[in-house]
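Reproduced below: coords_29.cif, with mmCIF, C-alpha atoms.
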data_structure
loop_
_atom_site.label_atom_id
_atom_site.label_comp_id
_atom_site.auth_asym_id
_atom_site.auth_seq_id
_atom_site.Cartn_x
_atom_site.Cartn_y
_atom_site.Cartn_z
CA MET A 532 22.75 -15.60 12.01
CA SER A 533 24.10 -17.86 9.27
CA ASP A 534 25.34 -16.50 5.97
CA LEU A 535 22.37 -18.17 4.30
CA GLY A 536 19.99 -16.33 6.65
CA LYS A 537 21.59 -12.97 5.75
CA GLU A 538 21.45 -13.90 2.09
CA ARG A 539 17.73 -14.59 2.41
CA GLU A 540 17.17 -11.21 4.11
CA HIS A 541 18.89 -9.38 1.23
CA GLU A 542 16.97 -11.45 -1.31
CA PHE A 543 13.70 -10.64 0.43
CA THR A 544 14.44 -6.90 0.62
CA ASN A 545 15.34 -6.84 -3.07
CA SER A 546 12.01 -8.52 -3.85
CA LEU A 547 10.22 -5.71 -1.99
CA ILE A 548 12.20 -3.10 -3.93
CA ARG A 549 11.36 -4.72 -7.28
CA ALA A 550 7.68 -4.78 -6.35
CA PHE A 551 7.25 -1.35 -4.76
CA GLY A 552 10.26 0.81 -5.62
CA ARG A 553 13.33 1.81 -3.69
CA GLU A 554 12.00 4.94 -2.01
CA CYS A 555 9.90 3.23 0.68
CA VAL A 556 11.78 -0.02 1.40
CA TYR A 557 14.43 -0.23 4.14
CA TYR A 558 16.78 -3.09 4.90
CA SER A 559 17.47 -3.73 8.60
CA PRO A 560 16.32 -0.36 10.08
CA GLN A 561 18.25 0.32 13.29
CA MET A 562 18.29 2.64 16.27
CA ARG A 563 21.43 4.13 17.80
CA LYS A 564 21.69 3.76 21.58
CA ALA A 565 23.27 6.38 23.84
CA ASN A 566 26.50 4.36 23.99
CA GLY A 567 26.73 4.44 20.18
CA GLN A 568 25.68 0.83 19.64
CA GLN A 569 23.25 0.03 16.82
CA LYS A 570 20.22 -2.16 17.54
CA GLU A 571 18.16 -3.68 14.75
CA LEU A 572 14.42 -2.92 14.84
CA ALA A 573 13.32 -5.22 12.01
CA ASP A 574 14.84 -7.20 9.14
CA ALA A 575 13.00 -5.06 6.58
CA MET A 576 10.42 -2.28 6.56
CA ILE A 577 8.03 -0.68 4.08
CA LEU A 578 7.44 2.91 5.18
CA VAL A 579 4.37 4.74 3.87
CA PRO A 580 3.26 7.05 6.71
CA PRO A 581 1.10 6.68 8.66
CA TYR A 582 1.82 2.96 8.05
CA ALA A 583 4.89 0.80 8.45
CA VAL A 584 4.86 -2.84 7.39
CA VAL A 585 7.66 -4.48 9.37
CA PHE A 586 9.19 -7.89 8.69
CA GLN A 587 11.11 -10.48 10.66
CA LEU A 588 12.61 -13.36 8.65
CA LYS A 589 13.53 -16.76 10.00
CA TRP A 590 15.59 -19.39 8.18
CA MET A 591 15.13 -22.94 9.47
CA HIS A 592 17.52 -25.84 8.87
CA GLN A 593 14.58 -28.10 8.15
CA THR A 594 13.24 -29.93 5.12
CA ALA A 595 9.69 -30.70 4.03
CA GLU A 596 10.35 -34.34 4.90
CA ASP A 597 10.91 -33.31 8.55
CA PHE A 598 7.29 -32.19 8.77
CA TYR A 599 5.93 -35.57 7.68
CA GLY A 600 8.45 -37.95 9.25
CA ALA A 601 8.50 -39.76 12.57
CA ASN A 602 9.42 -36.54 14.43
CA GLN A 603 6.93 -34.30 12.64
CA GLU A 604 5.32 -33.02 15.86
CA ILE A 605 8.73 -32.00 17.22
CA GLU A 606 9.71 -30.32 13.93
CA ARG A 607 6.44 -28.40 13.66
CA ARG A 608 6.81 -27.31 17.26
CA ARG A 609 10.31 -26.03 16.43
CA LEU A 610 8.89 -24.04 13.54
CA GLY A 611 6.16 -22.60 15.75
CA GLN A 612 8.73 -21.59 18.35
CA LYS A 613 10.74 -19.78 15.67
CA MET A 614 7.62 -17.86 14.64
CA VAL A 615 6.98 -16.83 18.25
CA GLU A 616 10.65 -15.86 18.62
CA ALA A 617 10.37 -13.66 15.52
CA ALA A 618 7.23 -11.94 16.88
CA LYS A 619 9.03 -11.17 20.15
CA GLN A 620 11.68 -9.28 18.19
CA PHE A 621 9.10 -6.61 17.43
CA ASN A 622 9.18 -5.65 21.13
CA ARG A 623 12.22 -3.42 20.70
CA LEU A 624 10.59 -1.53 17.83
CA ASN A 625 7.39 -1.14 19.87
CA ALA A 626 9.29 0.24 22.87
CA THR A 627 11.23 2.66 20.66
CA TRP A 628 8.01 3.84 19.01
CA ARG A 629 6.21 4.40 22.31
CA ARG A 630 9.04 6.66 23.47
CA ASN A 631 8.39 8.84 20.40
CA SER A 632 12.02 8.35 19.46
CA ARG A 633 13.78 9.27 16.26
CA ILE A 634 15.76 6.71 14.30
CA GLU A 635 18.36 7.23 11.63
CA LEU A 636 17.45 5.74 8.25
CA PRO A 637 19.32 5.82 4.94
CA GLN A 638 17.99 8.10 2.23
CA VAL A 639 17.04 5.15 0.06
CA TRP A 640 15.46 7.42 -2.56
CA ASN A 641 18.74 9.27 -3.06
CA ASP A 642 22.22 7.78 -2.80
CA GLY A 643 21.50 5.55 0.20
CA LYS A 644 24.70 6.78 1.87
CA THR A 645 23.38 9.80 3.74
CA THR A 646 20.74 9.45 6.44
CA PHE A 647 17.69 11.26 7.73
CA ALA A 648 16.00 11.28 11.13
CA LEU A 649 12.62 9.58 11.12
CA ASP A 650 10.30 10.82 13.85
CA LEU A 651 8.46 7.61 14.79
CA SER A 652 5.40 9.63 15.83
CA LEU A 653 4.63 9.87 12.08
CA ILE A 654 3.83 6.15 12.18
CA LYS A 655 0.37 5.51 13.62
CA PHE A 656 -0.02 1.88 12.54
CA PHE A 657 2.43 -1.01 12.42
CA ILE A 658 1.61 -4.16 10.46
CA PRO A 659 3.89 -6.99 11.66
CA VAL A 660 4.78 -9.85 9.31
CA VAL A 661 6.90 -12.94 10.01
CA VAL A 662 8.39 -14.73 6.99
CA VAL A 663 9.84 -18.22 7.41
CA ASP A 664 11.93 -20.29 5.03
CA PHE A 665 13.28 -23.82 5.00
CA GLU A 666 14.47 -26.41 2.49
CA ASP A 667 11.24 -27.50 0.83
CA GLN A 668 12.19 -29.42 -2.29
CA GLN A 669 8.52 -30.22 -2.86
CA TYR A 670 7.54 -26.53 -3.11
CA THR A 671 6.89 -26.67 -6.86
CA ALA A 672 4.43 -29.56 -6.39
CA PRO A 673 1.30 -27.90 -4.91
CA GLY A 674 -0.12 -31.10 -3.48
CA ALA A 675 3.06 -31.85 -1.56
CA ARG A 676 3.92 -28.29 -0.57
CA THR A 677 4.28 -27.59 3.14
CA ASN A 678 2.03 -24.83 4.43
CA VAL A 679 2.65 -22.84 7.58
CA CYS A 680 0.12 -21.38 9.98
CA PRO A 681 -0.91 -17.98 8.50
CA VAL A 682 -0.65 -16.23 11.87
CA VAL A 683 1.61 -16.28 14.88
CA THR A 684 -0.81 -17.57 17.48
CA LYS A 685 1.21 -16.53 20.54
CA ILE A 686 2.41 -12.92 20.49
CA PRO A 687 3.81 -10.58 23.17
CA ASN A 688 1.24 -8.54 25.09
CA ALA A 689 3.13 -5.36 24.22
CA ILE A 690 2.28 -5.59 20.51
CA LYS A 691 -1.25 -7.00 20.73
CA ASP A 692 -2.74 -3.60 19.88
CA TRP A 693 -0.85 -3.74 16.57
CA GLY A 694 -3.25 -6.45 15.48
CA MET A 695 -2.54 -9.87 14.07
CA VAL A 696 1.03 -10.95 13.32
CA HIS A 697 0.86 -12.35 9.79
CA CYS A 698 3.01 -15.30 8.79
CA PHE A 699 4.06 -16.38 5.28
CA LEU A 700 6.36 -18.83 3.65
CA PHE A 701 9.23 -16.94 2.01
CA ARG A 702 8.45 -18.28 -1.46
CA ASP A 703 4.70 -17.77 -1.10
CA PHE A 704 5.25 -14.12 -0.22
CA ASN A 705 7.62 -13.58 -3.14
CA THR A 706 5.02 -15.08 -5.48
CA ILE A 707 2.27 -12.87 -4.07
CA LEU A 708 4.40 -9.80 -4.75
CA ASP A 709 4.07 -10.49 -8.50
CA ASP A 710 0.43 -9.37 -8.31
CA LEU A 711 0.61 -6.57 -5.73
CA PHE A 712 1.76 -3.36 -7.41
CA THR A 713 1.91 -0.74 -4.68
CA PRO A 714 2.45 -0.74 -0.91
CA GLY A 715 -1.23 0.22 -0.75
CA ASP A 716 -2.10 -3.09 -2.45
CA LEU A 717 -0.10 -5.00 0.15
CA ILE A 718 -1.62 -3.10 3.09
CA THR A 719 -5.12 -3.65 1.69
CA TYR A 720 -4.50 -7.38 1.32
CA LEU A 721 -3.09 -7.69 4.83
CA PHE A 722 -6.06 -5.79 6.29
CA LEU A 723 -8.58 -8.03 4.56
CA ARG A 724 -6.54 -11.18 5.14
CA GLU A 725 -6.65 -10.44 8.86
CA LYS A 726 -10.43 -10.07 8.76
CA GLN A 727 -10.82 -13.37 6.95
CA ILE A 728 -8.58 -15.26 9.35
CA MET A 729 -10.26 -13.77 12.41
CA VAL A 730 -13.65 -14.98 11.10
CA HIS A 731 -12.54 -18.32 9.66
CA GLN A 732 -10.33 -19.69 12.41
CA LYS A 733 -10.87 -23.21 11.09
CA PHE A 734 -9.10 -22.30 7.83
CA LEU A 735 -5.67 -22.09 9.43
CA LYS A 736 -4.32 -24.81 7.10
CA TYR A 737 -5.38 -23.36 3.77
CA SER A 738 -2.92 -22.91 0.92
CA GLU A 739 -1.79 -19.30 0.97
CA LEU A 740 -1.53 -19.04 -2.83
CA ASP A 741 -4.98 -20.57 -3.41
CA PHE A 742 -6.42 -18.13 -0.87
CA PHE A 743 -4.66 -15.22 -2.60
CA ALA A 744 -5.92 -16.34 -6.03
CA LEU A 745 -9.46 -16.26 -4.68
CA TYR A 746 -8.86 -12.70 -3.51
CA LEU A 747 -7.55 -11.68 -6.95
CA THR A 748 -10.31 -13.13 -9.10
CA LYS A 749 -13.43 -13.52 -6.96
CA TYR A 750 -13.16 -10.53 -4.68
CA PRO A 751 -16.91 -9.82 -4.13
CA GLU A 752 -17.47 -13.45 -3.12
CA TRP A 753 -14.27 -13.38 -1.05
CA ASN A 754 -15.31 -10.15 0.68
CA ARG A 755 -18.87 -11.32 1.42
CA SER A 756 -17.48 -14.38 3.17
CA ILE A 757 -15.94 -12.12 5.85
CA ASN A 758 -19.45 -11.84 7.29
CA SER A 759 -20.45 -15.46 6.76
CA PRO A 760 -19.22 -18.80 8.07
CA MET A 761 -18.55 -20.13 4.56
CA LEU A 762 -15.33 -19.74 2.61
CA VAL A 763 -14.36 -22.34 0.02
CA VAL A 764 -10.68 -22.37 -0.93
CA GLU A 765 -10.24 -24.65 -3.93
CA PRO A 766 -7.08 -26.81 -3.86
CA ASN A 767 -4.46 -25.87 -6.49
CA TYR A 768 -6.64 -22.95 -7.67
CA TYR A 769 -3.66 -20.60 -7.98
CA GLU A 770 -1.65 -22.90 -10.24
CA ALA A 771 -4.66 -23.59 -12.47
CA LEU A 772 -5.44 -19.89 -12.75
CA ILE A 773 -1.89 -18.87 -13.64
CA ARG A 774 -1.63 -21.70 -16.16
CA ASP A 775 -4.99 -21.14 -17.88
CA ARG A 776 -5.00 -17.32 -17.76
CA ALA A 777 -1.30 -16.62 -18.24
CA ASN A 778 -1.82 -13.95 -20.93
CA ALA A 779 -4.47 -12.11 -18.92
CA PHE A 780 -2.22 -12.01 -15.86
CA ALA A 781 0.74 -10.84 -17.95
CA LYS A 782 -1.31 -7.95 -19.36
CA ARG A 783 -2.61 -7.02 -15.91
CA ARG A 784 0.91 -6.93 -14.51
CA ALA A 785 2.30 -4.92 -17.43
CA PHE A 786 -0.53 -2.39 -17.22
CA PHE A 787 -0.45 -1.73 -13.49
CA ARG A 788 3.35 -1.69 -13.31
CA ASN A 789 3.68 0.77 -16.18
CA PRO A 790 5.02 4.09 -14.75
CA ASP A 791 2.68 7.10 -14.83
CA PHE A 792 2.73 10.76 -13.83
CA LEU A 793 2.29 9.95 -10.11
CA ASP A 794 5.49 7.92 -10.34
CA GLU A 795 7.12 10.92 -12.04
CA ILE A 796 5.97 13.13 -9.17
CA VAL A 797 7.54 10.74 -6.65
CA ALA A 798 10.77 10.70 -8.66
CA GLN A 799 10.88 14.51 -8.61
CA MET A 800 10.14 14.58 -4.87
CA CYS A 801 13.03 12.20 -4.25
CA ALA A 802 15.41 14.13 -6.49
CA HIS A 803 14.76 17.38 -4.60
CA PHE A 804 14.55 16.01 -1.07
CA GLN A 805 15.73 18.30 1.72
CA ASN A 806 16.13 17.17 5.32
CA LYS A 807 14.31 20.21 6.69
CA PHE A 808 11.16 19.15 4.82
CA CYS A 809 11.47 15.50 5.80
CA GLU A 810 8.10 15.21 7.54
CA ALA A 811 6.15 16.76 4.64
CA PHE A 812 8.07 14.58 2.17
CA LEU A 813 7.19 11.37 4.01
CA LEU A 814 3.52 12.32 4.46
CA ASN A 815 3.16 13.12 0.76
CA LEU A 816 5.05 9.98 -0.23
CA GLY A 817 2.78 7.89 2.01
CA ARG A 818 -0.42 9.33 0.50
CA ILE A 819 0.78 8.43 -3.02
CA ARG A 820 2.49 5.09 -2.44
CA GLY A 821 -0.32 4.08 -0.08
CA LEU A 822 -2.84 4.18 -2.93
CA PRO A 823 -3.91 0.80 -4.28
CA ALA A 824 -2.89 0.41 -7.94
CA LEU A 825 -6.49 0.53 -9.18
CA ILE A 826 -7.13 3.90 -7.50
CA LYS A 827 -3.74 5.21 -8.64
CA LYS A 828 -4.39 4.36 -12.30
CA SER A 829 -7.94 5.70 -12.12
CA ILE A 830 -6.68 9.03 -10.82
CA VAL A 831 -4.03 9.21 -13.54
CA GLU A 832 -6.50 8.54 -16.36
CA HIS A 833 -9.03 10.95 -14.87
CA VAL A 834 -6.43 13.72 -14.76
CA ASN A 835 -5.19 13.00 -18.29
CA ILE A 836 -8.72 13.27 -19.67
CA ASN A 837 -9.34 16.59 -17.94
CA ARG A 838 -5.97 17.98 -18.95
CA LYS A 839 -7.03 17.60 -22.57
CA LYS A 840 -10.30 19.42 -21.89
CA LEU A 841 -8.51 22.46 -20.47
CA ASP A 842 -6.57 23.28 -23.62
CA ARG A 843 -6.66 27.06 -23.60
CA PRO A 844 -5.09 29.59 -21.20
CA ASP A 845 -7.34 31.75 -19.07
CA LYS A 846 -6.79 35.38 -18.12
CA GLY A 847 -6.02 36.60 -14.64
CA ILE A 848 -6.61 34.46 -11.60
CA THR A 849 -10.13 33.32 -12.48
CA ILE A 850 -10.14 29.58 -11.93
CA THR A 851 -11.22 27.36 -14.78
CA THR A 852 -10.78 23.93 -13.37
CA HIS A 853 -12.02 20.43 -12.89
CA ILE A 854 -12.14 18.99 -9.36
CA SER A 855 -12.66 15.46 -8.15
CA MET A 856 -12.99 14.87 -4.43
CA GLY A 857 -13.69 11.86 -2.32
CA ARG A 858 -12.46 9.29 0.15
CA PHE A 859 -10.75 7.44 -2.68
CA ALA A 860 -8.68 5.20 -0.40
CA ALA A 861 -11.12 4.95 2.49
CA LEU A 862 -9.91 1.57 3.75
CA ILE A 863 -6.32 2.76 4.17
CA PHE A 864 -6.83 6.50 4.67
CA PRO A 865 -10.31 6.84 6.23
CA ASN A 866 -9.49 10.31 7.58
CA THR A 867 -8.07 11.78 4.37
CA LEU A 868 -10.03 13.62 1.70
CA TYR A 869 -8.33 13.39 -1.68
CA LEU A 870 -8.72 16.38 -3.97
CA ILE A 871 -7.53 15.98 -7.55
CA SER A 872 -7.69 19.05 -9.77
CA THR A 873 -6.63 20.24 -13.20
CA VAL A 874 -6.60 24.00 -13.55
CA ILE A 875 -5.86 26.63 -16.19
CA CYS A 876 -3.57 28.94 -14.32
CA GLU A 877 0.03 30.12 -14.37
CA SER A 878 2.34 28.80 -11.67
CA LYS A 879 2.68 32.27 -10.11
CA CYS A 880 -0.97 31.96 -9.06
CA ALA A 881 -0.49 28.52 -7.51
CA GLU A 882 -0.74 29.77 -3.93
CA THR A 883 -4.09 31.46 -4.58
CA VAL A 884 -5.39 28.40 -6.41
CA THR A 885 -4.35 25.92 -3.71
CA ASP A 886 -5.93 28.06 -1.00
CA TYR A 887 -9.18 28.28 -2.98
CA LEU A 888 -9.25 24.52 -3.56
CA TYR A 889 -8.54 23.80 0.10
CA ARG A 890 -11.48 26.00 1.08
CA ARG A 891 -13.60 24.15 -1.50
CA ALA A 892 -12.57 20.85 0.08
CA LEU A 893 -13.62 22.14 3.50
CA SER A 894 -17.02 23.11 2.08
CA TYR A 895 -17.43 19.60 0.67
CA ILE A 896 -16.56 18.04 4.03
CA VAL A 897 -19.19 20.21 5.74
CA GLU A 898 -21.76 19.30 3.07
CA LYS A 899 -21.15 15.61 3.79
CA GLY A 900 -21.09 16.05 7.57
CA TRP A 901 -17.58 14.57 7.81
CA GLN A 902 -16.02 17.18 10.11
CA SER A 903 -15.44 14.67 12.91
CA ASP A 904 -13.88 12.10 10.54
CA MET A 905 -11.61 14.10 8.28
CA LYS A 906 -8.16 14.96 9.62
CA ASP A 907 -6.41 16.16 6.47
CA VAL A 908 -6.79 17.01 2.78
CA PHE A 909 -4.34 15.60 0.25
CA MET A 910 -4.25 17.74 -2.89
CA ILE A 911 -2.83 16.93 -6.30
CA ILE A 912 -3.15 19.98 -8.55
CA LEU A 913 -1.94 20.10 -12.14
CA GLY A 914 -1.75 23.39 -13.96
CA VAL A 915 -2.06 23.84 -17.72
CA PRO A 916 -0.84 24.89 -20.19
CA HIS A 917 2.56 25.20 -18.45
CA ARG A 918 2.38 21.82 -16.73
CA TRP A 919 3.16 22.83 -13.14
CA THR A 920 2.24 20.48 -10.31
CA PHE A 921 1.44 20.97 -6.65
CA ILE A 922 1.01 18.17 -4.13
CA GLY A 923 0.49 18.56 -0.42
CA CYS A 924 -1.12 17.00 2.63
CA ARG A 925 -2.74 19.73 4.70
CA THR A 926 -3.87 19.06 8.27
CA ILE A 927 -7.34 20.42 9.05
CA ASN A 928 -7.57 22.71 12.08
CA ALA A 929 -10.98 23.26 13.69
CA ASP A 930 -11.03 26.98 12.88
CA ASP A 931 -10.29 26.26 9.19
CA TYR A 932 -13.99 25.54 8.71
CA ASP A 933 -14.66 29.26 9.25
CA ARG A 934 -13.03 29.76 5.83
CA CYS A 935 -15.31 27.44 3.86
CA LEU A 936 -16.46 28.83 0.53
CA THR A 937 -19.97 30.22 0.59
CA LYS A 938 -22.63 28.91 -1.79
CA VAL A 939 -22.40 32.20 -3.71
CA GLU A 940 -18.63 31.83 -4.13
CA ILE A 941 -19.04 28.24 -5.31
CA GLU A 942 -21.78 29.18 -7.80
CA LYS A 943 -19.72 32.05 -9.22
CA SER A 944 -16.58 29.97 -9.74
CA ARG A 945 -15.94 28.36 -13.10
CA VAL A 946 -15.57 24.84 -11.75
CA ASN A 947 -16.61 21.48 -13.09
CA PHE A 948 -16.98 19.37 -9.96
CA ASP A 949 -17.72 15.71 -9.48
CA VAL A 950 -17.15 12.88 -7.08
CA GLU A 951 -15.35 10.24 -9.06
CA GLN A 952 -16.64 6.69 -8.67
CA PHE A 953 -13.71 4.38 -9.34
CA LYS A 954 -14.27 0.82 -10.48
CA ALA A 955 -14.07 -1.89 -7.85
CA SER A 956 -12.17 -4.41 -9.98
CA GLU A 957 -8.73 -4.19 -11.57
CA TRP A 958 -9.89 -6.63 -14.25
CA SER A 959 -12.93 -4.56 -15.22
CA TYR A 960 -10.84 -1.39 -15.22
CA LEU A 961 -8.23 -2.99 -17.47
CA ARG A 962 -10.95 -4.21 -19.84
CA GLN A 963 -12.58 -0.77 -19.95
CA PHE A 964 -9.22 0.90 -20.55
CA GLN A 965 -8.54 -1.44 -23.48
CA GLU A 966 -11.95 -0.69 -24.96
CA ASN A 967 -11.48 3.06 -24.61
CA HIS A 968 -8.12 2.86 -26.36
CA GLY A 969 -9.09 0.40 -29.07
CA SER A 970 -6.97 -2.48 -27.79
CA ALA A 971 -9.56 -4.76 -26.22
CA ASP A 972 -9.40 -8.51 -26.66
CA ASN A 973 -11.03 -11.50 -25.02
CA GLU A 974 -8.14 -12.65 -22.86
CA CYS A 975 -9.37 -10.93 -19.71
CA ASP A 976 -13.04 -11.85 -20.18
CA GLU A 977 -13.21 -15.02 -18.14
CA VAL A 978 -11.14 -13.58 -15.31
CA LYS A 979 -13.26 -10.43 -15.43
CA SER A 980 -16.49 -12.43 -15.19
CA THR A 981 -15.49 -13.78 -11.76
CA THR A 982 -15.16 -10.34 -10.17
#

Serialized structure, structure tokens:
Amino acid sequence: MSDLGKEREHEFTNSLIRAFGRECVYYSPQMRKANGQQKELADAMILVPPYAVVFQLKWMHQTAEDFYGANQEIERRRLGQKMVEAAKQFNRLNATWRRNSRIELPQVWNDGKTTFALDLSLIKFFIPVVVVDFEDQQYTAPGARTNVCPVVTKIPNAIKDWGMVHCFLFRDFNTILDDLFTPGDLITYLFLREKQIMVHQKFLKYSELDFFALYLTKYPEWNRSINSPMLVVEPNYYEALIRDRANAFAKRRAFFRNPDFLDEIVAQMCAHFQNKFCEAFLLNLGRIRGLPALIKKSIVEHVNINRKKLDRPDKGITITTHISMGRFAALIFPNTLYLISTVICESKCAETVTDYLYRRALSYIVEKGWQSDMKDVFMIILGVPHRWTFIGCRTINADDYDRCLTKVEIEKSRVNFDVEQFKASEWSYLRQFQENHGSADNECDEVKSTT
């Protein structure tokens, strides 16, 4: 690979780190063979178990003019061959994964110098992405910009069960990262992008940024079109939107990128990482970083409100608490019940409290008839007034349902329970947040009205 190709790989990885944080982004993950040789599995990886978004980058010594000149068919065929070549490079990762191997990865959340052993069986779903780059001097002129096919149309049989292999222009993907705030946002977009492309095969030459802008601002319309033959992608929509709604986008980015207590929890997890608890660490990290930004912020505000309500200490182990339960991230974690609780209790009673809340979660699952769907319960418990925190992803065993709380136990407990309904739009949430905190203005109104 040329020096410029390596430079692009580092630049791309740094873009992922700026967007999503250092603790789940890996540059050039590798496996060690029996003879001691290292073999690269991908150019970059975002790891949020049970998901891994894996990237292959290709730098082409081509210009935009090549794609419109006398040899344009040859040049486009060259580009297509590079995309297929990149997809084939996922074969090694697939073979390694199917052997349930372990690979050594750097502790990116710590000093990056020591390593840990990743058991690949923790990863249930791979999302493959090919990113291509070439010398497009017309990139800043939307009308003249060269677009690439959004998928790799010819992929190896071995990775077909991974789903579609996405394809992006390097600069398009970097631009998209400005408005995706968590790995969960990226995974959500890739899921829904795949659905759109599978339905609208004739839209293989759309502008990626215009398509993304439609997703950001007209999501209900965008989502409905998955089940209809009509999807209108307006030319140059992204540029017009960013130009005309610059302040609204700046506020949205500042709000959703502002660190909160879930980010503090992740920072504490990273600071106290121990190799012997590696699996639990990665599962917990995945359940937090896998949340879309809207759900993440909604949880944070919900907890902050209930913390203020529980402002006096209780006596003994009697639980005075507020619980929210639901499939908050059902698209990404359909088999996980999230339980968010604030509780008046000293930390020495944490074990009793967490066991009680787990049993309450099991009762809720039975009430809803979800026993066959739910595989685990992810709990975030915050204790007041001493501000202790417990997080944990607990796998549900079949005999656990024998320990469900009875109706009498539930009625006797001092619990305020609800199922939180989070807003479907980041714009409407941001507007509501501003109104609740006395900082509302009209800059988000027109963007909000499209959602």

Atom CA of Val897 of chain A to atom CA of Asp930 of chain A, straight-line distance in Å: 12.8 Å

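Taking atom CA of Asn758 of chain A and atom CA of Glu739 of chain A as endpoints, the distance between them is 20.2 Å.
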
Would you give me, as a tab-separated table, each residue of segment 681-717 of chain A having an atom within 10 Å of an atom of segment 815-826 of chain A, along with its shortest atom pair and that distance in Å to one decimal, using only C-alpha atoms and sorting by chain and residue number?
residue	atom	partner	partner_atom	distance
A:Leu711	CA	A:Ala824	CA	8.1
A:Phe712	CA	A:Ala824	CA	6.0
A:Thr713	CA	A:Ala824	CA	5.9
A:Pro714	CA	A:Gly821	CA	5.6
A:Gly715	CA	A:Gly821	CA	4.0
A:Asp716	CA	A:Pro823	CA	4.7
A:Leu717	CA	A:Pro823	CA	8.2

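Atom CA of Tyr887 of chain A is found 10.1 Å from atom CA of Ile941 of chain A.
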
Taking the file as I've supplied it (selection: the PyMOL selection byres ((chain A and resi 864) around 12)), which residues are included? Please answer as a PDB file with C-alpha atoms, keeping the file's coordinate frame.
ATOM      1  CA  VAL A 579       4.370   4.740   3.870  1.00  0.00           C
ATOM      2  CA  PRO A 580       3.260   7.050   6.710  1.00  0.00           C
ATOM      3  CA  PRO A 581       1.100   6.680   8.660  1.00  0.00           C
ATOM      4  CA  TYR A 582       1.820   2.960   8.050  1.00  0.00           C
ATOM      5  CA  LYS A 655       0.370   5.510  13.620  1.00  0.00           C
ATOM      6  CA  PHE A 656      -0.020   1.880  12.540  1.00  0.00           C
ATOM      7  CA  GLY A 715      -1.230   0.220  -0.750  1.00  0.00           C
ATOM      8  CA  ILE A 718      -1.620  -3.100   3.090  1.00  0.00           C
ATOM      9  CA  THR A 719      -5.120  -3.650   1.690  1.00  0.00           C
ATOM     10  CA  LEU A 814       3.520  12.320   4.460  1.00  0.00           C
ATOM     11  CA  GLY A 817       2.780   7.890   2.010  1.00  0.00           C
ATOM     12  CA  ARG A 818      -0.420   9.330   0.500  1.00  0.00           C
ATOM     13  CA  ILE A 819       0.780   8.430  -3.020  1.00  0.00           C
ATOM     14  CA  ARG A 820       2.490   5.090  -2.440  1.00  0.00           C
ATOM     15  CA  GLY A 821      -0.320   4.080  -0.080  1.00  0.00           C
ATOM     16  CA  LEU A 822      -2.840   4.180  -2.930  1.00  0.00           C
ATOM     17  CA  PRO A 823      -3.910   0.800  -4.280  1.00  0.00           C
ATOM     18  CA  GLY A 857     -13.690  11.860  -2.320  1.00  0.00           C
ATOM     19  CA  ARG A 858     -12.460   9.290   0.150  1.00  0.00           C
ATOM     20  CA  PHE A 859     -10.750   7.440  -2.680  1.00  0.00           C
ATOM     21  CA  ALA A 860      -8.680   5.200  -0.400  1.00  0.00           C
ATOM     22  CA  ALA A 861     -11.120   4.950   2.490  1.00  0.00           C
ATOM     23  CA  LEU A 862      -9.910   1.570   3.750  1.00  0.00           C
ATOM     24  CA  ILE A 863      -6.320   2.760   4.170  1.00  0.00           C
ATOM     25  CA  PRO A 865     -10.310   6.840   6.230  1.00  0.00           C
ATOM     26  CA  ASN A 866      -9.490  10.310   7.580  1.00  0.00           C
ATOM     27  CA  THR A 867      -8.070  11.780   4.370  1.00  0.00           C
ATOM     28  CA  LEU A 868     -10.030  13.620   1.700  1.00  0.00           C
ATOM     29  CA  TYR A 869      -8.330  13.390  -1.680  1.00  0.00           C
ATOM     30  CA  ASP A 904     -13.880  12.100  10.540  1.00  0.00           C
ATOM     31  CA  MET A 905     -11.610  14.100   8.280  1.00  0.00           C
ATOM     32  CA  LYS A 906      -8.160  14.960   9.620  1.00  0.00           C
ATOM     33  CA  ASP A 907      -6.410  16.160   6.470  1.00  0.00           C
ATOM     34  CA  VAL A 908      -6.790  17.010   2.780  1.00  0.00           C
ATOM     35  CA  PHE A 909      -4.340  15.600   0.250  1.00  0.00           C
TER      36      PHE A 909
END

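Across A:Asp886, A:Glu604, A:Asp794, A:Asp664, the tightest approach to Glu540 of chain A is made by A:Asp664 when counting only C-alpha atoms.
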
Translate the PyMOL selection byres ((chain A and resi 931-937) around 12) into a concrete residue list for this structure, as a PyMOL selection string. chain A and resi 886-898+900-903+905-908+925-930+938-944

Evaluate the PyMOL selection byres ((chain A and resi 682) around 8) and report residues as JSON, numbers by chain: {"A": [680, 681, 683, 684, 695, 696, 697, 698]}

List the neighbours of segment 830-837 of chain A out to 8 Å using only C-alpha atoms; skip same-chain residues closer than 2 positions along the sequence, and give me the result as JSON, numbers by chain. {"A": [791, 792, 793, 826, 827, 828, 839, 840, 841, 853, 871, 872, 873]}

Which residue is closest to Ala811 of chain A? Choose from A:Val615, A:Cys924, A:Arg918, A:Ala779 and count only C-alpha atoms. A:Cys924

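Candidate residues A:Lys691, A:Lys726, A:Arg630, A:Lys685 were compared for distance to Met614 of chain A, and the nearest is A:Lys685, using all atoms listed in the file.
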
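Residues within 12 Å of Ala881 of chain A, counting all atoms listed in the file and excluding same-chain residues fewer than 3 positions away, are Ile848, Thr849, Ile850, Thr873, Val874, Ile875, Cys876, Glu877, Ser878, Val884, Thr885, Asp886, Tyr887, Leu888, Ile911, Ile912, Leu913, Gly914, Val915, His917, Arg918, Trp919, Thr920, Phe921 and Ile922 of chain A.
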
Using the file's own x, y and z axes, what box holds all listed atoms of segment 706-712 of chain A with 3 Å on each side, keeping edges along x, y and z, and what are its centre and edge lengths in Å to one decimal, as AutoDock Vina command-line options?
--center_x 2.7 --center_y -9.2 --center_z -6.3 --size_x 10.6 --size_y 17.7 --size_z 10.4
